[in-house]
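K.L.:
As input, take protein_17.cif (mmCIF, C-alpha atoms):
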```cif
data_input
loop_
_atom_site.label_atom_id
_atom_site.label_comp_id
_atom_site.auth_asym_id
_atom_site.auth_seq_id
_atom_site.Cartn_x
_atom_site.Cartn_y
_atom_site.Cartn_z
CA ASN Q 663 3.58 -34.20 -51.65
CA ASP Q 664 6.75 -32.16 -51.10
CA SER Q 665 8.77 -35.32 -50.46
CA SER Q 666 8.27 -36.61 -54.01
CA PHE Q 667 8.68 -35.13 -57.49
CA ALA Q 668 9.09 -36.17 -61.10
CA SER Q 669 12.55 -36.44 -62.58
CA ASN Q 670 13.68 -36.53 -66.20
CA MET Q 671 17.31 -37.56 -66.53
CA ASN Q 672 19.17 -36.45 -69.64
CA GLY Q 673 15.83 -34.91 -70.48
CA ALA Q 674 16.56 -32.39 -73.23
CA GLY Q 675 13.75 -32.60 -75.80
CA ASP Q 676 11.53 -34.89 -73.74
CA ARG Q 677 7.87 -34.00 -73.24
CA HIS Q 678 5.01 -35.16 -71.05
CA ILE Q 679 1.25 -34.56 -71.06
CA PHE Q 680 -0.69 -33.86 -67.85
CA TYR Q 681 -4.47 -34.14 -67.51
CA GLY Q 682 -7.24 -34.92 -65.04
CA TYR Q 683 -7.69 -31.36 -63.79
CA ASN Q 684 -10.96 -30.86 -61.93
CA LEU Q 685 -12.20 -27.62 -63.46
CA GLY Q 686 -15.94 -28.23 -63.20
CA GLY Q 687 -16.60 -25.39 -60.77
CA ILE Q 688 -16.93 -22.75 -63.50
CA PRO Q 689 -20.60 -22.21 -64.46
CA SER Q 690 -21.54 -23.37 -67.94
CA GLY Q 691 -21.61 -20.52 -70.42
CA ASP Q 692 -19.16 -18.28 -68.56
CA THR Q 693 -16.58 -16.49 -70.71
CA ILE Q 694 -13.07 -17.78 -70.07
CA SER Q 695 -10.82 -14.73 -69.77
CA GLY Q 696 -7.47 -16.33 -68.95
CA ILE Q 697 -5.53 -19.39 -67.83
CA GLU Q 698 -2.46 -19.65 -65.64
CA VAL Q 699 -0.11 -22.62 -65.37
CA ARG Q 700 2.27 -22.80 -62.43
CA LEU Q 701 5.46 -24.84 -62.70
CA ASP Q 702 7.61 -25.77 -59.72
CA TRP Q 703 10.75 -27.01 -61.45
CA TRP Q 704 14.51 -27.06 -61.17
CA LEU Q 705 17.68 -28.45 -62.74
CA ASP Q 706 20.75 -30.37 -61.72
CA SER Q 707 22.85 -27.57 -63.22
CA THR Q 708 22.26 -24.30 -65.07
CA THR Q 709 25.09 -24.97 -67.51
CA GLY Q 710 23.94 -24.24 -71.06
CA THR Q 711 20.57 -22.72 -71.96
CA ASN Q 712 17.59 -24.43 -70.36
CA SER Q 713 13.84 -23.93 -70.26
CA MET Q 714 10.44 -25.60 -69.93
CA ALA Q 715 7.85 -24.99 -72.66
CA VAL Q 716 4.13 -25.29 -71.88
CA GLU Q 717 1.31 -25.83 -74.38
CA LEU Q 718 -2.40 -26.28 -73.73
CA SER Q 719 -4.93 -28.43 -75.57
CA TRP Q 720 -8.70 -27.91 -75.51
CA ASP Q 721 -9.65 -31.11 -77.35
CA GLY Q 722 -7.84 -33.88 -75.51
CA GLY Q 723 -4.50 -33.44 -77.25
CA THR Q 724 -5.43 -33.13 -80.92
CA SER Q 725 -4.81 -29.39 -81.12
CA TRP Q 726 -2.36 -27.29 -79.12
CA THR Q 727 -1.77 -23.63 -78.37
CA ALA Q 728 1.50 -21.90 -79.05
CA ALA Q 729 3.99 -22.56 -76.26
CA GLN Q 730 4.78 -20.25 -73.39
CA THR Q 731 8.26 -20.80 -72.02
CA ALA Q 732 9.68 -20.81 -68.49
CA THR Q 733 13.27 -19.57 -68.61
CA ASN Q 734 13.81 -19.08 -64.87
CA GLU Q 735 16.68 -21.57 -64.61
CA SER Q 736 17.59 -22.64 -61.09
CA THR Q 737 18.92 -25.56 -59.09
CA SER Q 738 16.77 -24.53 -56.12
CA THR Q 739 13.91 -26.87 -55.23
CA SER Q 740 11.77 -23.81 -54.45
CA ASN Q 741 12.03 -22.49 -58.01
CA SER Q 742 8.59 -21.56 -59.36
CA ILE Q 743 7.00 -19.61 -62.20
CA THR Q 744 3.48 -18.84 -63.38
CA LEU Q 745 2.84 -18.67 -67.11
CA GLY Q 746 -0.24 -16.95 -68.52
CA SER Q 747 -2.44 -14.50 -66.63
CA PRO Q 748 -6.08 -13.77 -65.74
CA THR Q 749 -6.43 -12.14 -69.17
CA THR Q 750 -4.26 -14.44 -71.32
CA ASN Q 751 -6.15 -17.09 -73.28
CA TRP Q 752 -3.06 -18.66 -74.93
CA GLY Q 753 -4.31 -17.75 -78.41
CA HIS Q 754 -7.53 -19.77 -78.17
CA THR Q 755 -11.11 -18.71 -77.49
CA TRP Q 756 -12.10 -21.14 -74.75
CA ASN Q 757 -15.54 -22.27 -73.72
CA THR Q 758 -16.43 -24.02 -70.48
CA GLY Q 759 -17.22 -27.28 -72.25
CA GLU Q 760 -13.59 -27.62 -73.32
CA LEU Q 761 -12.19 -27.57 -69.80
CA SER Q 762 -12.90 -31.26 -69.23
CA ASN Q 763 -10.61 -31.99 -72.21
CA LEU Q 764 -7.79 -29.73 -71.01
CA ARG Q 765 -4.30 -31.14 -71.44
CA VAL Q 766 -0.98 -29.55 -70.45
CA ARG Q 767 2.08 -30.56 -72.47
CA ILE Q 768 5.51 -29.74 -71.07
CA THR Q 769 8.73 -29.97 -73.08
CA SER Q 770 12.18 -29.90 -71.49
CA ASN Q 771 14.62 -27.83 -73.51
CA SER Q 772 18.38 -27.64 -73.11
CA THR Q 773 21.51 -27.10 -75.12
CA ASP Q 774 23.10 -29.80 -72.93
CA ALA Q 775 21.85 -33.31 -73.73
CA ASN Q 776 22.88 -34.46 -70.24
CA ARG Q 777 20.68 -31.96 -68.40
CA ASP Q 778 18.42 -33.39 -65.66
CA PHE Q 779 15.02 -31.81 -65.07
CA TYR Q 780 12.88 -32.03 -61.94
CA LEU Q 781 9.20 -31.14 -61.69
CA ASP Q 782 7.21 -30.94 -58.47
CA TRP Q 783 3.94 -29.27 -59.47
CA VAL Q 784 1.95 -28.44 -62.60
CA ALA Q 785 -1.06 -26.43 -61.40
CA VAL Q 786 -3.76 -24.82 -63.56
CA ARG Q 787 -5.98 -21.86 -62.66
CA VAL Q 788 -8.81 -20.77 -64.95
CA TYR Q 789 -10.30 -17.27 -64.80
CA SER Q 790 -13.74 -16.48 -66.14
CA ASN Q 791 -15.40 -13.13 -66.76
CA SER Q 792 -18.22 -12.20 -64.42
CA THR Q 793 -21.59 -11.07 -65.77
CA ILE Q 794 -23.44 -8.04 -64.42
CA THR Q 795 -27.09 -8.04 -65.44
CA ALA Q 796 -28.26 -4.43 -65.81
CA SER Q 797 -31.88 -3.41 -66.39
CA ALA Q 798 -33.97 -0.25 -66.33
CA GLY Q 799 -37.72 0.15 -65.92
CA ALA Q 800 -39.97 2.50 -67.86
CA GLY Q 801 -38.98 6.14 -67.74
CA GLY Q 802 -35.23 5.99 -68.02
CA THR Q 803 -32.09 4.17 -69.04
CA ILE Q 804 -29.07 2.44 -67.57
CA ASN Q 805 -25.81 2.38 -69.46
CA PRO Q 806 -24.40 -0.11 -70.24
CA SER Q 807 -27.40 -2.42 -70.15
CA GLY Q 808 -28.11 -6.11 -70.55
CA ASN Q 809 -25.54 -8.77 -69.71
CA VAL Q 810 -22.25 -6.92 -69.22
CA SER Q 811 -19.10 -9.06 -69.18
CA VAL Q 812 -16.37 -7.91 -66.78
CA ALA Q 813 -12.86 -9.31 -66.57
CA PRO Q 814 -11.65 -10.53 -63.14
CA GLY Q 815 -10.62 -7.71 -60.82
CA ASN Q 816 -11.87 -4.93 -63.08
CA ASP Q 817 -14.27 -2.13 -62.12
CA GLN Q 818 -17.52 -1.42 -63.96
CA THR Q 819 -19.55 1.78 -63.71
CA PHE Q 820 -23.23 2.13 -64.63
CA THR Q 821 -24.95 5.44 -65.35
CA ILE Q 822 -28.65 5.86 -64.61
CA ALA Q 823 -30.55 8.60 -66.45
CA PRO Q 824 -34.28 9.43 -66.13
CA ASN Q 825 -36.27 10.60 -69.11
CA GLN Q 826 -37.90 14.05 -69.12
CA THR Q 827 -40.66 14.30 -66.46
CA TYR Q 828 -39.18 11.29 -64.62
CA VAL Q 829 -36.81 10.96 -61.67
CA VAL Q 830 -34.85 8.00 -60.37
CA SER Q 831 -36.98 6.08 -57.90
CA ASP Q 832 -34.45 3.46 -56.75
CA VAL Q 833 -31.37 1.54 -57.83
CA VAL Q 834 -31.18 -2.01 -56.51
CA VAL Q 835 -27.84 -3.82 -56.53
CA ASP Q 836 -27.84 -7.53 -55.72
CA SER Q 837 -31.29 -7.13 -54.09
CA VAL Q 838 -30.10 -4.24 -51.88
CA SER Q 839 -31.47 -0.70 -52.39
CA GLN Q 840 -28.89 2.01 -53.12
CA GLY Q 841 -31.42 4.84 -53.17
CA ARG Q 842 -31.86 7.56 -55.80
CA VAL Q 843 -28.38 7.42 -57.32
CA ASN Q 844 -27.41 8.39 -60.85
CA SER Q 845 -24.39 6.12 -61.07
CA TYR Q 846 -23.00 3.03 -59.40
CA THR Q 847 -19.57 1.37 -59.65
CA PHE Q 848 -18.80 -2.27 -58.98
CA THR Q 849 -15.16 -2.55 -57.88
CA ASN Q 850 -12.79 -5.51 -58.14
CA VAL Q 851 -15.43 -7.69 -59.79
CA THR Q 852 -14.92 -11.41 -59.19
CA THR Q 853 -18.48 -12.77 -59.26
CA ASN Q 854 -21.82 -12.21 -60.99
CA HIS Q 855 -24.00 -9.25 -59.96
CA SER Q 856 -27.23 -7.51 -60.86
CA ILE Q 857 -28.31 -3.87 -60.97
CA ALA Q 858 -31.82 -2.61 -61.67
CA ALA Q 859 -33.08 0.97 -61.91
CA THR Q 860 -36.68 2.15 -61.52
CA PHE Q 861 -38.17 5.58 -62.20
CA GLU Q 862 -41.11 7.74 -61.12
CA GLY Q 863 -43.07 9.79 -63.64
CA GLY Q 864 -45.21 12.93 -63.41
CA TRP Q 865 -42.41 15.33 -62.52
CA ARG Q 866 -41.52 18.52 -64.35
CA TYR Q 867 -38.78 21.09 -64.14
CA PRO Q 868 -39.58 24.32 -62.26
CA ARG Q 869 -40.29 27.49 -64.21
CA GLY Q 870 -40.38 31.11 -63.19
CA ASN Q 871 -38.13 33.23 -61.00
CA ALA Q 872 -35.68 32.28 -58.28
CA ASN Q 873 -38.55 32.13 -55.77
CA ASN Q 874 -39.87 29.12 -57.70
CA LYS Q 875 -43.11 30.87 -58.62
CA GLY Q 876 -44.83 29.70 -61.73
CA TRP Q 877 -44.90 25.96 -61.14
#
```
Translate the structure described by the file into structure tokens.

P.N.:
Amino acid sequence: NDSSFASNMNGAGDRHIFYGYNLGGIPSGDTISGIEVRLDWWLDSTTGTNSMAVELSWDGGTSWTAAQTATNESTSTSNSITLGSPTTNWGHTWNTGELSNLRVRITSNSTDANRDFYLDWVAVRVYSNSTITASAGAGGTINPSGNVSVAPGNDQTFTIAPNQTYVVSDVVVDSVSQGRVNSYTFTNVTTNHSIAATFEGGWRYPRGNANNKGW
């Protein structure tokens, strides 16, 4: 609600814990690649040195990450900053089961004991790696293979190679045929995918002269 916000008068050194984030939409077992925390905050004055420090807990507040600090001082009510990134895990290897215990602790810092802090929004965004399941039938290989973890927004290329006397029969991506291709690239990956290669045997390389005699 843009008409209301939290205020912390003479707030230097004060801290508050936020919780109750609904982060259940990430599939169990996904690899957490990064977490962002957005702060919409401002001050009554930028006199002195002021900041907001953010720590995360994965166990309900018993343990905490090292702090990341917002130093974008402003008296504007539209002041905002995002700490973390899609590939920043705040020094902790997260699993999806810990997200229900996520806590965000914010500390107001100032060299002026009379500084007033205002906070309008503490939003959390969790990024998880996508999994591309890659498989190859008899007669060839796909590289990489198995369950391949891809960070959000990254590209991932697969190379398909038939064994001797085999050729690529088909490459199927997310249940859609791509034909007889020898490589395939997923771009800007943000969700799970699959890729499967099949091969045909009984082929051999031609021998003889340029007229292809001698097969």

K.L.:
Applied to this file, what does the PyMOL selection byres ((chain Q and resi 693) around 7) return in terms of residues, put as a list in words?

P.N.:
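So the PyMOL selection byres ((chain Q and resi 693) around 7), applied here, picks out Gly691, Asp692, Ile694, Ser695, Asn757, Ser790 and Asn791 of chain Q.
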
K.L.:
Which residues match the PyMOL selection byres ((chain Q and resi 668-671) around 9) in the file above, as an mmCIF file with C-alpha atoms, in the frame of the given file?

P.N.:
```
data_model
loop_
_atom_site.group_PDB
_atom_site.id
_atom_site.type_symbol
_atom_site.label_atom_id
_atom_site.label_comp_id
_atom_site.auth_asym_id
_atom_site.auth_seq_id
_atom_site.Cartn_x
_atom_site.Cartn_y
_atom_site.Cartn_z
ATOM 1 C CA SER Q 666 8.270 -36.610 -54.010
ATOM 2 C CA PHE Q 667 8.680 -35.130 -57.490
ATOM 3 C CA ASN Q 672 19.170 -36.450 -69.640
ATOM 4 C CA GLY Q 673 15.830 -34.910 -70.480
ATOM 5 C CA ALA Q 674 16.560 -32.390 -73.230
ATOM 6 C CA ASP Q 676 11.530 -34.890 -73.740
ATOM 7 C CA SER Q 770 12.180 -29.900 -71.490
ATOM 8 C CA ASN Q 776 22.880 -34.460 -70.240
ATOM 9 C CA ARG Q 777 20.680 -31.960 -68.400
ATOM 10 C CA ASP Q 778 18.420 -33.390 -65.660
ATOM 11 C CA PHE Q 779 15.020 -31.810 -65.070
ATOM 12 C CA TYR Q 780 12.880 -32.030 -61.940
ATOM 13 C CA LEU Q 781 9.200 -31.140 -61.690
ATOM 14 C CA ASP Q 782 7.210 -30.940 -58.470
ATOM 15 C CA TRP Q 783 3.940 -29.270 -59.470
#
```

K.L.:
Choose the residue, out of Q:Ile697, Q:Ala858, Q:Ile794, Q:Ala785, that has the smallest atom-to-atom separation from Thr755 of chain Q; count all atoms listed in the file.

P.N.:
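Closest residue, counting all atoms listed in the file: Q:Ile697.
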
K.L.:
Counting all atoms listed in the file, I want the residues whose atoms come within 9 Å of (-1.4, -23.8, -69.3) in the file frame, returned as a ChimeraX atom specification.

P.N.:
/Q:697-700,716-719,729-730,745-746,752,764-767,784-787

K.L.:
Mind pulling up the distance from atom CA of Gly863 of chain Q to atom CA of Ser837 of chain Q?

P.N.:
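Distance between the two atoms: 22.7 Å.
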
K.L.:
Evaluating the PyMOL selection byres ((chain Q and resi 706) around 6) on the displayed file yields which residues, as a ChimeraX atom specification?

P.N.:
/Q:705,707,737,778

K.L.:
Check the smallest atom-to-atom distance from each of Q:Thr821, Q:Ser742, Q:Ser807, Q:Thr731 to Ser713 of chain Q using all atoms listed in the file, then report the winner.

P.N.:
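Closest residue, counting all atoms listed in the file: Q:Thr731.
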
K.L.:
Between Q:Ser772, Q:Asn684, Q:Ala813, Q:Asp721, which is the closest to Pro748 of chain Q once you count all atoms listed in the file?

P.N.:
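Counting all atoms listed in the file, the residue closest to Pro748 of chain Q is Q:Ala813.
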
K.L.:
Check the smallest atom-to-atom distance from each of Q:Val851, Q:Ile679, Q:Ala823, Q:Ile857 to Ser839 of chain Q using only C-alpha atoms, then report the winner.

P.N.:
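Of all the options, Q:Ile857 lies closest to Ser839 of chain Q.
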
K.L.:
To one decimal place, how far is atom CA of Gln826 of chain Q from atom CA of Thr795 of chain Q in Å?

P.N.:
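Interatomic distance, atom CA of Gln826 of chain Q to atom CA of Thr795 of chain Q: 24.9 Å.
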
K.L.:
Tell me which of Q:Gly841, Q:Pro814, Q:Gly723, Q:Pro689 sits closest to Thr750 of chain Q, counting all atoms listed in the file.

P.N.:
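Among Q:Gly841, Q:Pro814, Q:Gly723, Q:Pro689, it is Q:Pro814 that comes nearest to Thr750 of chain Q.
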
K.L.:
Within 9 Å of (10.4, -25.3, -54.2) (file coordinates; only C-alpha atoms), which protein or nucleic acid residues are there? I'd like them as an NGL selection string.

P.N.:
:Q and (664 or 702-704 or 738-742 or 782)

K.L.:
For the atom pair atom CA of Ser762 of chain Q and atom CA of Ala715 of chain Q, what is the interatomic distance in Å to one decimal place?

P.N.:
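If I compute the distance from atom CA of Ser762 of chain Q to atom CA of Ala715 of chain Q, I get 21.9 Å.
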
K.L.:
Of the residues Q:Val788, Q:Thr727, Q:Glu862, Q:His855, which is the one nearest to Asn809 of chain Q, using only C-alpha atoms?

P.N.:
Q:His855

K.L.:
Env of Phe820 of chain Q: 10 Å cut, atoms = all atoms listed in the file, seq-sep filter 3 positions within chain, self excluded. Answer as a tab-separated table (two decimals) with C-alpha atoms, in the frame of the given file.

P.N.:
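Produced file selection20.tsv, reproduced below:
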```
chain	number	residue	atom	x	y	z
Q	796	ALA	CA	-28.26	-4.43	-65.81
Q	804	ILE	CA	-29.07	2.44	-67.57
Q	805	ASN	CA	-25.81	2.38	-69.46
Q	806	PRO	CA	-24.40	-0.11	-70.24
Q	807	SER	CA	-27.40	-2.42	-70.15
Q	823	ALA	CA	-30.55	8.60	-66.45
Q	844	ASN	CA	-27.41	8.39	-60.85
Q	845	SER	CA	-24.39	6.12	-61.07
Q	846	TYR	CA	-23.00	3.03	-59.40
Q	847	THR	CA	-19.57	1.37	-59.65
Q	848	PHE	CA	-18.80	-2.27	-58.98
Q	857	ILE	CA	-28.31	-3.87	-60.97
```

K.L.:
Counting all atoms listed in the file, what is within 9 Å of Asn850 of chain Q, bar same-chain residues fewer than 3 positions away, as a list in words?

P.N.:
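Once the nearby chain positions are removed, what remains is Pro814, Gly815, Asn816, Asp817 and Gln818 of chain Q.
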
K.L.:
Would you kindly place all heavy atoms on segment 778-789 of chain Q and return the model as a tab-separated table (two decimals), in the coordinates of the input?

P.N.:
```
chain	number	residue	atom	x	y	z
Q	778	ASP	N	19.48	-32.72	-66.42
Q	778	ASP	CA	18.42	-33.39	-65.66
Q	778	ASP	C	17.39	-32.36	-65.21
Q	778	ASP	O	17.74	-31.32	-64.65
Q	778	ASP	CB	18.99	-34.11	-64.44
Q	778	ASP	CG	19.99	-35.19	-64.81
Q	778	ASP	OD1	19.94	-35.68	-65.95
Q	778	ASP	OD2	20.84	-35.52	-63.95
Q	779	PHE	N	16.12	-32.70	-65.44
Q	779	PHE	CA	15.02	-31.81	-65.07
Q	779	PHE	C	14.21	-32.43	-63.94
Q	779	PHE	O	13.99	-33.65	-63.91
Q	779	PHE	CB	14.09	-31.59	-66.27
Q	779	PHE	CG	14.69	-30.76	-67.37
Q	779	PHE	CD1	15.59	-31.32	-68.27
Q	779	PHE	CD2	14.34	-29.43	-67.53
Q	779	PHE	CE1	16.14	-30.56	-69.29
Q	779	PHE	CE2	14.88	-28.66	-68.55
Q	779	PHE	CZ	15.79	-29.23	-69.44
Q	780	TYR	N	13.72	-31.58	-63.04
Q	780	TYR	CA	12.88	-32.03	-61.94
Q	780	TYR	C	11.61	-31.17	-61.89
Q	780	TYR	O	11.67	-29.96	-62.07
Q	780	TYR	CB	13.62	-31.93	-60.61
Q	780	TYR	CG	14.91	-32.71	-60.59
Q	780	TYR	CD1	16.12	-32.09	-60.92
Q	780	TYR	CD2	14.92	-34.07	-60.26
Q	780	TYR	CE1	17.31	-32.81	-60.91
Q	780	TYR	CE2	16.11	-34.79	-60.25
Q	780	TYR	CZ	17.29	-34.16	-60.58
Q	780	TYR	OH	18.48	-34.86	-60.59
Q	781	LEU	N	10.49	-31.83	-61.67
Q	781	LEU	CA	9.20	-31.14	-61.69
Q	781	LEU	C	8.37	-31.59	-60.50
Q	781	LEU	O	8.13	-32.79	-60.32
Q	781	LEU	CB	8.46	-31.46	-63.00
Q	781	LEU	CG	7.14	-30.76	-63.27
Q	781	LEU	CD1	7.34	-29.25	-63.37
Q	781	LEU	CD2	6.52	-31.31	-64.55
Q	782	ASP	N	7.94	-30.61	-59.69
Q	782	ASP	CA	7.21	-30.94	-58.47
Q	782	ASP	C	5.72	-30.63	-58.57
Q	782	ASP	O	4.92	-31.24	-57.87
Q	782	ASP	CB	7.82	-30.16	-57.29
Q	782	ASP	CG	7.28	-30.63	-55.95
Q	782	ASP	OD1	7.05	-31.84	-55.80
Q	782	ASP	OD2	7.07	-29.78	-55.07
Q	783	TRP	N	5.35	-29.67	-59.43
Q	783	TRP	CA	3.94	-29.27	-59.47
Q	783	TRP	C	3.62	-28.65	-60.82
Q	783	TRP	O	4.38	-27.84	-61.34
Q	783	TRP	CB	3.65	-28.27	-58.35
Q	783	TRP	CG	2.20	-28.14	-57.97
Q	783	TRP	CD1	1.20	-29.02	-58.21
Q	783	TRP	CD2	1.60	-27.06	-57.26
Q	783	TRP	NE1	0.02	-28.59	-57.70
Q	783	TRP	CE2	0.23	-27.36	-57.10
Q	783	TRP	CE3	2.09	-25.86	-56.73
Q	783	TRP	CZ2	-0.66	-26.52	-56.45
Q	783	TRP	CZ3	1.21	-25.02	-56.08
Q	783	TRP	CH2	-0.15	-25.35	-55.93
Q	784	VAL	N	2.50	-29.05	-61.39
Q	784	VAL	CA	1.95	-28.44	-62.60
Q	784	VAL	C	0.49	-28.08	-62.28
Q	784	VAL	O	-0.41	-28.92	-62.40
Q	784	VAL	CB	2.01	-29.38	-63.81
Q	784	VAL	CG1	1.50	-28.66	-65.07
Q	784	VAL	CG2	3.43	-29.88	-64.03
Q	785	ALA	N	0.28	-26.86	-61.83
Q	785	ALA	CA	-1.06	-26.43	-61.40
Q	785	ALA	C	-1.69	-25.53	-62.45
Q	785	ALA	O	-1.00	-24.77	-63.13
Q	785	ALA	CB	-0.97	-25.69	-60.07
Q	786	VAL	N	-3.01	-25.63	-62.58
Q	786	VAL	CA	-3.76	-24.82	-63.56
Q	786	VAL	C	-4.82	-24.01	-62.84
Q	786	VAL	O	-5.53	-24.52	-61.97
Q	786	VAL	CB	-4.43	-25.72	-64.62
Q	786	VAL	CG1	-5.34	-24.90	-65.53
Q	786	VAL	CG2	-3.38	-26.45	-65.44
Q	787	ARG	N	-4.91	-22.72	-63.18
Q	787	ARG	CA	-5.98	-21.86	-62.66
Q	787	ARG	C	-6.68	-21.21	-63.85
Q	787	ARG	O	-6.03	-20.61	-64.71
Q	787	ARG	CB	-5.41	-20.79	-61.73
Q	787	ARG	CG	-6.46	-19.77	-61.26
Q	787	ARG	CD	-5.86	-18.77	-60.29
Q	787	ARG	NE	-5.54	-19.39	-59.01
Q	787	ARG	CZ	-4.91	-18.77	-58.02
Q	787	ARG	NH1	-4.51	-17.52	-58.16
Q	787	ARG	NH2	-4.66	-19.40	-56.89
Q	788	VAL	N	-8.00	-21.33	-63.87
Q	788	VAL	CA	-8.81	-20.77	-64.95
Q	788	VAL	C	-9.59	-19.58	-64.43
Q	788	VAL	O	-10.22	-19.67	-63.36
Q	788	VAL	CB	-9.77	-21.83	-65.53
Q	788	VAL	CG1	-10.65	-21.22	-66.62
Q	788	VAL	CG2	-8.99	-23.01	-66.09
Q	789	TYR	N	-9.55	-18.48	-65.15
Q	789	TYR	CA	-10.30	-17.27	-64.80
Q	789	TYR	C	-11.44	-17.09	-65.79
Q	789	TYR	O	-11.27	-17.25	-67.01
Q	789	TYR	CB	-9.40	-16.04	-64.87
Q	789	TYR	CG	-8.29	-16.03	-63.85
Q	789	TYR	CD1	-7.07	-16.66	-64.11
Q	789	TYR	CD2	-8.43	-15.37	-62.64
Q	789	TYR	CE1	-6.04	-16.65	-63.19
Q	789	TYR	CE2	-7.41	-15.35	-61.71
Q	789	TYR	CZ	-6.22	-15.99	-61.99
Q	789	TYR	OH	-5.20	-15.98	-61.06
```
